[in-house]
Every structure is written in C-alpha cells, then in structure tokens.
$ cat work_26.cif   # mmCIF, N, CA and C atoms
data_start
loop_
_atom_site.label_atom_id
_atom_site.label_comp_id
_atom_site.auth_asym_id
_atom_site.auth_seq_id
_atom_site.Cartn_x
_atom_site.Cartn_y
_atom_site.Cartn_z
N MET O 1 -36.47 14.94 35.94
CA MET O 1 -35.18 15.12 35.33
C MET O 1 -34.31 13.91 35.65
N ASP O 2 -33.32 13.73 34.80
CA ASP O 2 -32.40 12.62 34.95
C ASP O 2 -31.25 13.03 35.87
N ASN O 3 -31.10 12.32 36.98
CA ASN O 3 -30.06 12.66 37.94
C ASN O 3 -28.72 12.04 37.59
N ASN O 4 -28.66 11.17 36.55
CA ASN O 4 -27.42 10.52 36.16
C ASN O 4 -26.49 11.45 35.39
N ILE O 5 -27.00 12.52 34.85
CA ILE O 5 -26.20 13.46 34.09
C ILE O 5 -25.52 14.41 35.06
N THR O 6 -24.20 14.44 34.98
CA THR O 6 -23.46 15.35 35.85
C THR O 6 -22.94 16.51 35.02
N ARG O 7 -22.99 17.66 35.59
CA ARG O 7 -22.52 18.86 34.91
C ARG O 7 -21.14 19.22 35.46
N SER O 8 -20.26 19.56 34.57
CA SER O 8 -18.92 19.94 34.96
C SER O 8 -18.88 21.42 35.27
N ASP O 9 -17.92 21.80 36.08
CA ASP O 9 -17.74 23.22 36.39
C ASP O 9 -17.11 23.95 35.22
N ASN O 10 -16.35 23.21 34.39
CA ASN O 10 -15.67 23.83 33.26
C ASN O 10 -15.84 22.94 32.02
N PRO O 11 -16.96 23.09 31.31
CA PRO O 11 -17.20 22.22 30.17
C PRO O 11 -16.19 22.41 29.04
N ALA O 12 -15.66 23.60 28.86
CA ALA O 12 -14.66 23.83 27.82
C ALA O 12 -13.40 23.02 28.11
N LYS O 13 -13.00 22.95 29.36
CA LYS O 13 -11.83 22.19 29.75
C LYS O 13 -12.07 20.69 29.50
N ASP O 14 -13.26 20.22 29.82
CA ASP O 14 -13.61 18.83 29.59
C ASP O 14 -13.61 18.51 28.09
N LEU O 15 -14.14 19.43 27.29
CA LEU O 15 -14.16 19.23 25.85
C LEU O 15 -12.75 19.17 25.29
N ARG O 16 -11.90 20.08 25.76
CA ARG O 16 -10.51 20.09 25.31
C ARG O 16 -9.81 18.78 25.67
N ALA O 17 -10.03 18.30 26.87
CA ALA O 17 -9.40 17.06 27.32
C ALA O 17 -9.88 15.88 26.47
N GLY O 18 -11.17 15.86 26.17
CA GLY O 18 -11.70 14.80 25.32
C GLY O 18 -11.15 14.86 23.91
N MET O 19 -11.01 16.08 23.39
CA MET O 19 -10.45 16.24 22.05
C MET O 19 -8.99 15.81 22.01
N HIS O 20 -8.23 16.17 23.03
CA HIS O 20 -6.83 15.77 23.08
C HIS O 20 -6.70 14.26 23.14
N SER O 21 -7.56 13.63 23.91
CA SER O 21 -7.54 12.18 24.01
C SER O 21 -7.84 11.54 22.67
N THR O 22 -8.84 12.06 21.98
CA THR O 22 -9.22 11.52 20.67
C THR O 22 -8.10 11.73 19.65
N ILE O 23 -7.50 12.91 19.66
CA ILE O 23 -6.41 13.21 18.73
C ILE O 23 -5.22 12.30 19.00
N ASP O 24 -4.93 12.05 20.27
CA ASP O 24 -3.82 11.15 20.61
C ASP O 24 -4.09 9.73 20.10
N LYS O 25 -5.33 9.28 20.23
CA LYS O 25 -5.68 7.94 19.74
C LYS O 25 -5.53 7.87 18.22
N VAL O 26 -6.00 8.90 17.52
CA VAL O 26 -5.88 8.93 16.06
C VAL O 26 -4.41 8.96 15.66
N ALA O 27 -3.60 9.75 16.34
CA ALA O 27 -2.17 9.83 16.03
C ALA O 27 -1.49 8.48 16.25
N ASP O 28 -1.85 7.79 17.33
CA ASP O 28 -1.29 6.46 17.58
C ASP O 28 -1.68 5.48 16.48
N ASN O 29 -2.94 5.54 16.05
CA ASN O 29 -3.40 4.66 14.97
C ASN O 29 -2.67 4.97 13.67
N ILE O 30 -2.47 6.24 13.37
CA ILE O 30 -1.77 6.62 12.14
C ILE O 30 -0.33 6.14 12.19
N THR O 31 0.31 6.27 13.34
CA THR O 31 1.68 5.78 13.50
C THR O 31 1.74 4.28 13.28
N SER O 32 0.79 3.56 13.84
CA SER O 32 0.76 2.11 13.68
C SER O 32 0.56 1.73 12.22
N ILE O 33 -0.36 2.40 11.56
CA ILE O 33 -0.62 2.12 10.14
C ILE O 33 0.60 2.45 9.30
N THR O 34 1.26 3.56 9.61
CA THR O 34 2.47 3.95 8.87
C THR O 34 3.56 2.89 9.03
N ASP O 35 3.72 2.38 10.23
CA ASP O 35 4.71 1.33 10.46
C ASP O 35 4.37 0.07 9.67
N GLN O 36 3.09 -0.29 9.65
CA GLN O 36 2.67 -1.48 8.91
C GLN O 36 2.89 -1.30 7.41
N VAL O 37 2.55 -0.12 6.89
CA VAL O 37 2.74 0.14 5.46
C VAL O 37 4.23 0.13 5.12
N GLY O 38 5.05 0.68 6.00
CA GLY O 38 6.50 0.67 5.78
C GLY O 38 7.04 -0.75 5.74
N ALA O 39 6.56 -1.60 6.63
CA ALA O 39 7.00 -2.99 6.65
C ALA O 39 6.56 -3.72 5.38
N LYS O 40 5.33 -3.47 4.95
CA LYS O 40 4.85 -4.09 3.71
C LYS O 40 5.65 -3.59 2.51
N GLY O 41 6.00 -2.30 2.52
CA GLY O 41 6.82 -1.74 1.45
C GLY O 41 8.18 -2.42 1.38
N ASP O 42 8.77 -2.66 2.55
CA ASP O 42 10.05 -3.36 2.58
C ASP O 42 9.92 -4.78 2.04
N GLN O 43 8.82 -5.45 2.40
CA GLN O 43 8.59 -6.81 1.90
C GLN O 43 8.41 -6.80 0.39
N LEU O 44 7.66 -5.84 -0.13
CA LEU O 44 7.45 -5.75 -1.58
C LEU O 44 8.75 -5.44 -2.30
N ASN O 45 9.56 -4.59 -1.72
CA ASN O 45 10.84 -4.26 -2.33
C ASN O 45 11.73 -5.49 -2.41
N ALA O 46 11.77 -6.27 -1.33
CA ALA O 46 12.57 -7.50 -1.32
C ALA O 46 12.03 -8.50 -2.35
N ALA O 47 10.71 -8.63 -2.45
CA ALA O 47 10.12 -9.54 -3.43
C ALA O 47 10.43 -9.09 -4.85
N TYR O 48 10.39 -7.78 -5.08
CA TYR O 48 10.71 -7.24 -6.41
C TYR O 48 12.15 -7.55 -6.78
N LYS O 49 13.07 -7.39 -5.82
CA LYS O 49 14.48 -7.69 -6.09
C LYS O 49 14.67 -9.17 -6.40
N ARG O 50 13.98 -10.05 -5.66
CA ARG O 50 14.08 -11.49 -5.93
C ARG O 50 13.53 -11.82 -7.31
N PHE O 51 12.40 -11.21 -7.65
CA PHE O 51 11.75 -11.46 -8.94
C PHE O 51 12.65 -11.01 -10.09
N THR O 52 13.20 -9.81 -9.99
CA THR O 52 14.05 -9.31 -11.07
C THR O 52 15.32 -10.15 -11.20
N GLU O 53 15.88 -10.57 -10.09
CA GLU O 53 17.10 -11.39 -10.16
C GLU O 53 16.81 -12.75 -10.78
N SER O 54 15.66 -13.35 -10.42
CA SER O 54 15.32 -14.64 -11.03
C SER O 54 15.04 -14.47 -12.51
N GLY O 55 14.44 -13.35 -12.91
CA GLY O 55 14.22 -13.08 -14.34
C GLY O 55 15.53 -12.91 -15.08
N ARG O 56 16.45 -12.19 -14.49
CA ARG O 56 17.77 -12.03 -15.12
C ARG O 56 18.48 -13.37 -15.27
N ASN O 57 18.40 -14.18 -14.23
CA ASN O 57 19.04 -15.51 -14.29
C ASN O 57 18.41 -16.36 -15.38
N TYR O 58 17.10 -16.30 -15.53
CA TYR O 58 16.42 -17.09 -16.55
C TYR O 58 16.87 -16.65 -17.94
N VAL O 59 16.97 -15.33 -18.15
CA VAL O 59 17.39 -14.82 -19.45
C VAL O 59 18.84 -15.22 -19.73
N ARG O 60 19.69 -15.21 -18.72
CA ARG O 60 21.08 -15.62 -18.91
C ARG O 60 21.18 -17.11 -19.25
N GLN O 61 20.32 -17.91 -18.65
CA GLN O 61 20.39 -19.36 -18.87
C GLN O 61 19.79 -19.76 -20.21
N SER O 62 18.76 -19.07 -20.66
CA SER O 62 18.15 -19.44 -21.95
C SER O 62 17.74 -18.17 -22.70
N PRO O 63 18.70 -17.51 -23.32
CA PRO O 63 18.40 -16.26 -24.01
C PRO O 63 17.51 -16.44 -25.23
N GLY O 64 17.63 -17.55 -25.93
CA GLY O 64 16.81 -17.78 -27.13
C GLY O 64 15.33 -17.90 -26.77
N LYS O 65 15.04 -18.68 -25.77
CA LYS O 65 13.66 -18.86 -25.33
C LYS O 65 13.10 -17.54 -24.80
N SER O 66 13.92 -16.80 -24.08
CA SER O 66 13.48 -15.51 -23.54
C SER O 66 13.14 -14.54 -24.66
N LEU O 67 13.95 -14.54 -25.71
CA LEU O 67 13.70 -13.67 -26.85
C LEU O 67 12.38 -14.04 -27.54
N LEU O 68 12.13 -15.34 -27.70
CA LEU O 68 10.88 -15.77 -28.33
C LEU O 68 9.66 -15.40 -27.48
N VAL O 69 9.78 -15.55 -26.19
CA VAL O 69 8.68 -15.18 -25.29
C VAL O 69 8.43 -13.68 -25.37
N ALA O 70 9.50 -12.88 -25.40
CA ALA O 70 9.36 -11.43 -25.49
C ALA O 70 8.71 -11.04 -26.81
N LEU O 71 9.11 -11.67 -27.90
CA LEU O 71 8.50 -11.37 -29.20
C LEU O 71 7.02 -11.75 -29.22
N ALA O 72 6.69 -12.90 -28.67
CA ALA O 72 5.29 -13.33 -28.62
C ALA O 72 4.46 -12.38 -27.76
N ALA O 73 5.00 -11.97 -26.64
CA ALA O 73 4.27 -11.04 -25.78
C ALA O 73 4.09 -9.70 -26.47
N GLY O 74 5.11 -9.22 -27.15
CA GLY O 74 5.00 -7.96 -27.89
C GLY O 74 3.97 -8.04 -28.99
N TYR O 75 3.95 -9.17 -29.71
CA TYR O 75 2.97 -9.36 -30.77
C TYR O 75 1.55 -9.38 -30.20
N ALA O 76 1.36 -10.08 -29.09
CA ALA O 76 0.03 -10.17 -28.48
C ALA O 76 -0.44 -8.79 -28.01
N VAL O 77 0.45 -8.04 -27.40
CA VAL O 77 0.07 -6.70 -26.93
C VAL O 77 -0.26 -5.80 -28.12
N SER O 78 0.53 -5.91 -29.20
CA SER O 78 0.26 -5.05 -30.36
C SER O 78 -1.08 -5.41 -31.00
N LYS O 79 -1.44 -6.68 -31.00
CA LYS O 79 -2.75 -7.09 -31.53
C LYS O 79 -3.89 -6.59 -30.64
N LEU O 80 -3.70 -6.68 -29.34
CA LEU O 80 -4.74 -6.21 -28.42
C LEU O 80 -4.94 -4.70 -28.53
N LEU O 81 -3.86 -3.96 -28.59
CA LEU O 81 -3.96 -2.52 -28.65
C LEU O 81 -4.26 -2.02 -30.06
N GLY O 82 -3.81 -2.74 -31.05
CA GLY O 82 -4.03 -2.33 -32.44
C GLY O 82 -5.44 -2.61 -32.94
N SER O 83 -6.16 -3.48 -32.26
CA SER O 83 -7.50 -3.85 -32.72
C SER O 83 -8.56 -2.87 -32.25
N ARG O 84 -8.19 -1.91 -31.43
CA ARG O 84 -9.17 -0.92 -30.96
C ARG O 84 -9.56 0.00 -32.11
N LYS O 85 -10.83 0.24 -32.22
CA LYS O 85 -11.33 1.15 -33.25
C LYS O 85 -11.62 2.49 -32.61
N HIS O 86 -11.22 3.52 -33.26
CA HIS O 86 -11.38 4.88 -32.71
C HIS O 86 -12.72 5.42 -33.03
#

$ encode --input "work_26.cif" --output "structure tokens"
Amino acid sequence: MDNNITRSDNPAKDLRAGMHSTIDKVADNITSITDQVGAKGDQLNAAYKRFTESGRNYVRQSPGKSLLVALAAGYAVSKLLGSRKH
C-alpha cells in the first residue's frame, strides 16, 4: 500500500473547505473579469462619443459631400440587398 496517502478524520469537512476555496477563487476571477469588461465598456463608450462628434463636425463642415456619400452608401446597400433572389 501507498503510505503517502493520508486519511482525514473528517473527509466531509475537508471537501467543504476545498469547495469553499475553489468557489472563492472563481468568484475572485469573475470579479476581475467584470472589472476588466467594465473598463473596456467605458473605453468603447468614450471612443463612440469621439467618433460621433467627429462625424457631426465633418457633416457641419461639408454638408454637400456628406449628403453625396450618404446617397452613394444608400444606393450601394439597396443594390446589395435588392439583388438577392428569393
């Protein structure tokens, strides 16, 4: 027999302690991931605000060109979606 294996007097207590330790580690990892996702969400929100503001400024500075680009994009999308055969 293998003498390296030790038997506990209360295996249920040992199992509970191991489970609590594992659950605590998982909870810590989830908290860390949640914090990272929250930070990335804040970064994306800031980037979205910068992008929309720069788009608004571009439209204010050259409304004619913006209108032509919008018409061309609309035409291209309508051709792509209109060419589908049912």

$ atom_distance --input "work_26.cif" --atom1 "atom C of Tyr75 in chain O" --atom2 "atom C of Ser62 in chain O"
19.9 Å

$ axis_aligned_box --input "work_26.cif" --around "range 12-21 of chain O" --padding-each-side "8 Å" --output "lines of an AutoDock Vina configuration file"
center_x = -11.2
center_y = 17.7
center_z = 25.9
size_x = 25.0
size_y = 28.3
size_z = 23.8

$ select_by_dssp --input "work_26.cif" --residues "chain O" --states "helix (DSSP H, G or I)" --output "ChimeraX atom specification"
/O:11-61,63-82

$ atom_distance --input "work_26.cif" --atom1 "CA of Tyr48 in chain O" --atom2 "CA of Val77 in chain O"
23.1 Å

$ atom_distance --input "work_26.cif" --atom1 "atom N of Ala27 in chain O" --atom2 "atom N of Ala39 in chain O"
18.1 Å
